[in-house]
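I have placed the structure first, in the form of structure tokens, so that the comments after it can refer back to it.
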Amino acid sequence: MAGSATILGGIAGPTLTPDEAAFFREADPWGFILFGRNVDSPDQLRRLTGDLRAAVGRDAVITVDQEGGRVQRLRAPHWTDWPAPLDQAVAGPRAMWLRYHLIGQELRAVGIDSDCAPTLDVAQDATHPFLRNRCLGSDPARVAQLGRAAADGLLAAGVLPVVKHMPGHGRALADSHHDLPVVDAALEDLDAMDFAPFRALNDLPMGMTAHIRFTALDDAPATASVRMIGLIRDRIGFDGLLMTDDITMNALSGTQAERAAASIAAGCDLVLHCNGTVAEMGPVVQAAGPLTPDAARRAEAALARRLS
């Protein structure tokens with residue numbers, strides 16, 4: 001089991017540099033995340049994923065944002081370009097299963113075994129445009145149905161889905177990449193709408209938090225809130241491996257190391273750090289510390305669902 005409670009994405013380009021390899025060998029992150037800057041061709045990507053695993057000496061999880069639409073890192077001509085999830089949702093659960101099964105097959109062929117999808121946020125009229133067409137619909141039951149199909153399609157291809165953004169990002173009027181969204185809805189409204197799809201899929205192996213402040217519950221954003229992580233565990237019933245959304249996003253305050261420490265203290269299992277140099281990743285790894293016993297248990301359970 002990895003030493004560091006992190007998923008790191010600070011890989012500058014399409015090949016792993018000696019300095020990056022040496023850092024990852026020492027840091028021993030639980031997993032990695034890739035971006036468009038890391039993607040060129042299938043052969044190149046297979047080499048990169050192999051080199052990342054060689055650096056840590058084990059079959060580490062490598063994830064990516066491959067939702068379709070605006071948010072997909074592997075694109076034509078080598079990979080399928082998909083419409084936005086909301087645009088394809090009308091085709092129904094079977095089409096959603098096939099879509100994500102094909103996505104999963106393309107990912108596994110280049111050594112990627114996790115996908116930061118499906119998005120279970122419930123779309124609303126005022127949902128920020130950065131998120132709205134990444135959702136699966138505006139009815140919680142329908143979102144859950146399509147989300148289950150998407151997750152099952154990925155799992156059948158040997159790819160671990162990561163449901164996001166817990167406990168629900170759909171009411172956000174701001175883009176958390178730039179600002180901290182604030183949601184003033186009452187708990188009973190959140191429970192009936194926003195939390196419902198996550199509760200329906202609470203058996204899935206991995207999830208991602210939302211950088212959102214829910215004023216009815218806490219002053220801190222969910223990622224750094226003991227109460228909100230407790231709600232994800234208890235009220236939603238999710239006992240899967242819980243990672244933060246990217247801690248380099250501007251919704252969070254403090255240094256990146258302070259953000260990492262606050263997330264782990266709140267109860268997150270893993271810190272997701274997507275953008276930064278070796279020098280910037282080092283303090284985050286130190287602040288995140290090792291996997292806790294509960295995180296290690298959840299990590300083992302997630303890995304058990306990754307088909308070889």
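To be explicit about the labels: the chains of the structure tokens are called A, B, and onward in the order shown, and within each one the residues are counted from 1, while ligands get numbers from 1 in the order they are shown.
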Near segment 26-37 of chain A, within 8 Å and counting only C-alpha atoms, which residues show up once chain neighbours fewer than 6 positions away are dropped, as a PDB file with C-alpha atoms, in the first residue's frame?
ATOM      1  CA  MET A   1       0.000   0.000   0.000  1.00  0.00           C
ATOM      2  CA  ALA A   2       1.228   3.494  -0.851  1.00  0.00           C
ATOM      3  CA  GLY A   3       2.766   5.668   1.812  1.00  0.00           C
ATOM      4  CA  SER A   4       1.282   9.034   0.797  1.00  0.00           C
ATOM      5  CA  ALA A   5      -2.401   9.964   0.982  1.00  0.00           C
ATOM      6  CA  THR A   6      -2.205  11.743  -2.359  1.00  0.00           C
ATOM      7  CA  ILE A   7      -3.102  11.509  -6.012  1.00  0.00           C
ATOM      8  CA  LEU A   8      -0.602  13.631  -7.908  1.00  0.00           C
ATOM      9  CA  GLY A   9      -0.849  15.248 -11.324  1.00  0.00           C
ATOM     10  CA  ILE A  11       3.621  15.740 -14.602  1.00  0.00           C
ATOM     11  CA  ALA A  12       4.742  18.530 -16.897  1.00  0.00           C
ATOM     12  CA  GLY A  13       4.463  16.865 -20.284  1.00  0.00           C
ATOM     13  CA  PRO A  14       4.032  13.657 -22.284  1.00  0.00           C
ATOM     14  CA  LEU A  52       4.650   6.131 -13.543  1.00  0.00           C
ATOM     15  CA  VAL A  56       6.507   3.735  -7.434  1.00  0.00           C
ATOM     16  CA  ALA A  60      -0.768   2.321  -8.858  1.00  0.00           C
ATOM     17  CA  VAL A  61      -4.154   3.693  -9.893  1.00  0.00           C
ATOM     18  CA  ILE A  62      -3.954   6.221 -12.736  1.00  0.00           C
ATOM     19  CA  THR A  63      -7.044   8.353 -13.241  1.00  0.00           C
ATOM     20  CA  VAL A  64      -8.183  11.027 -15.685  1.00  0.00           C
ATOM     21  CA  ASP A  65     -11.191  13.284 -16.363  1.00  0.00           C
ATOM     22  CA  ARG A  73      -8.367  14.647 -21.884  1.00  0.00           C
ATOM     23  CA  LEU A  74      -8.011  11.928 -24.558  1.00  0.00           C
ATOM     24  CA  CYS A 274      -3.471  18.372 -10.140  1.00  0.00           C
ATOM     25  CA  GLY A 282       6.593  18.189  -1.898  1.00  0.00           C
ATOM     26  CA  VAL A 285       2.769  15.253   0.252  1.00  0.00           C
TER      27      VAL A 285
END
Mind checking which residues fall within 7 Å of segment 193-197 of chain A, counting only C-alpha atoms, ignoring those fewer than 4 positions away in the same chain, and posting them as number ranges by chain? A: 120-122, 140-141, 143-144, 167-168, 189, 201, 236
Write out as number ranges by chain the set of residues from segment 192-224 of chain A that DSSP, computed on the backbone, places in alpha helix (DSSP H). A: 192, 196-200
Atomic distance atom CA of Leu131 of chain A - atom CA of Gly10 of chain A, expressed in Å with one decimal: 23.9 Å
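Considering the residues A:His177, A:Phe198, A:Thr248, A:Gln256 and counting only C-alpha atoms, Asp234 of chain A has its shortest atom-to-atom contact with A:Phe198.
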Could you name the residues that touch Gly153 of chain A at 12 Å or less, counting only C-alpha atoms, but leaving out those on the same chain fewer than 4 positions away, as a compact mmCIF listing (two decimals) with C-alpha atoms, in the first residue's frame?
# COMPACT_ATOMS: atom_id res chain seq x y z
CA PRO A 93 -29.40 4.05 -19.42
CA ARG A 94 -28.32 1.42 -21.96
CA ALA A 95 -26.72 4.06 -24.18
CA MET A 96 -25.02 5.56 -21.11
CA TRP A 97 -23.65 2.14 -20.13
CA LEU A 98 -22.28 1.61 -23.64
CA ARG A 99 -20.78 5.10 -23.77
CA TYR A 100 -18.83 4.65 -20.56
CA HIS A 101 -17.93 1.06 -21.32
CA LEU A 102 -16.32 2.22 -24.56
CA ILE A 103 -14.59 5.07 -22.70
CA GLY A 104 -13.33 2.53 -20.18
CA GLN A 105 -11.99 0.24 -22.89
CA ASP A 115 -12.13 7.76 -14.59
CA ALA A 117 -16.89 10.18 -13.70
CA PRO A 118 -19.85 10.03 -13.51
CA LEU A 146 -27.95 7.13 -15.55
CA GLY A 147 -25.08 7.46 -13.10
CA ARG A 148 -25.43 3.80 -12.16
CA ALA A 149 -25.33 2.84 -15.83
CA ALA A 157 -14.22 -2.36 -18.61
CA GLY A 158 -11.95 -2.66 -15.56
CA VAL A 159 -11.97 1.06 -14.76
CA LEU A 160 -12.78 2.48 -11.32
CA PRO A 161 -15.40 5.25 -11.46
If we count only C-alpha atoms and set the cut-off at 8 Å, which residues sit around Thr209 of chain A, ignoring sequence neighbours fewer than 3 positions away in its own chain? Please answer as a PyMOL selection string. chain A and resi 164-167+222-223+242-245
Nearby residues (only C-alpha atoms) at most 7 Å from Gln124 of chain A, same-chain spacing under 6 positions excluded, as a list in words: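 Residues near the query, excluding close chain neighbours: Ser138, Gly170 and Arg171 of chain A.
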Between A:Ala304, A:Val284, A:Val162, A:Ala55, which residue has the minimum interatomic distance to Pro18 of chain A, considering only C-alpha atoms?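 Result for the nearest residue to Pro18 of chain A: A:Ala55.
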Take atom CA of Met208 of chain A and atom CA of Ser253 of chain A and report the distance between them in Å, one decimal.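 Atom-to-atom, atom CA of Met208 of chain A and atom CA of Ser253 of chain A are spaced 18.5 Å apart.
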So how far away is atom CA of Ser225 of chain A from atom CA of Ile247 of chain A, in Å? 13.9 Å
With only C-alpha atoms as the counted atoms, please give the residues lying no more than 6 Å from Pro221 of chain A, apart from itself and same-chain residues fewer than 3 positions off, as a PyMOL selection string. chain A and resi 211-213+224
Expected file: the selected residues, C-alpha atoms, as an mmCIF file, in the first residue's frame:
data_model
loop_
_atom_site.group_PDB
_atom_site.id
_atom_site.type_symbol
_atom_site.label_atom_id
_atom_site.label_comp_id
_atom_site.auth_asym_id
_atom_site.auth_seq_id
_atom_site.Cartn_x
_atom_site.Cartn_y
_atom_site.Cartn_z
ATOM 1 C CA HIS A 211 -15.344 22.773 -2.838
ATOM 2 C CA ILE A 212 -18.646 24.367 -1.788
ATOM 3 C CA ARG A 213 -19.806 26.054 1.417
ATOM 4 C CA ALA A 224 -12.348 20.876 4.599
#
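Minimum distance to Phe130 of chain A across A:Ala251, A:Ile264, A:Leu204, A:Leu173 (counting only C-alpha atoms) occurs at A:Leu173.
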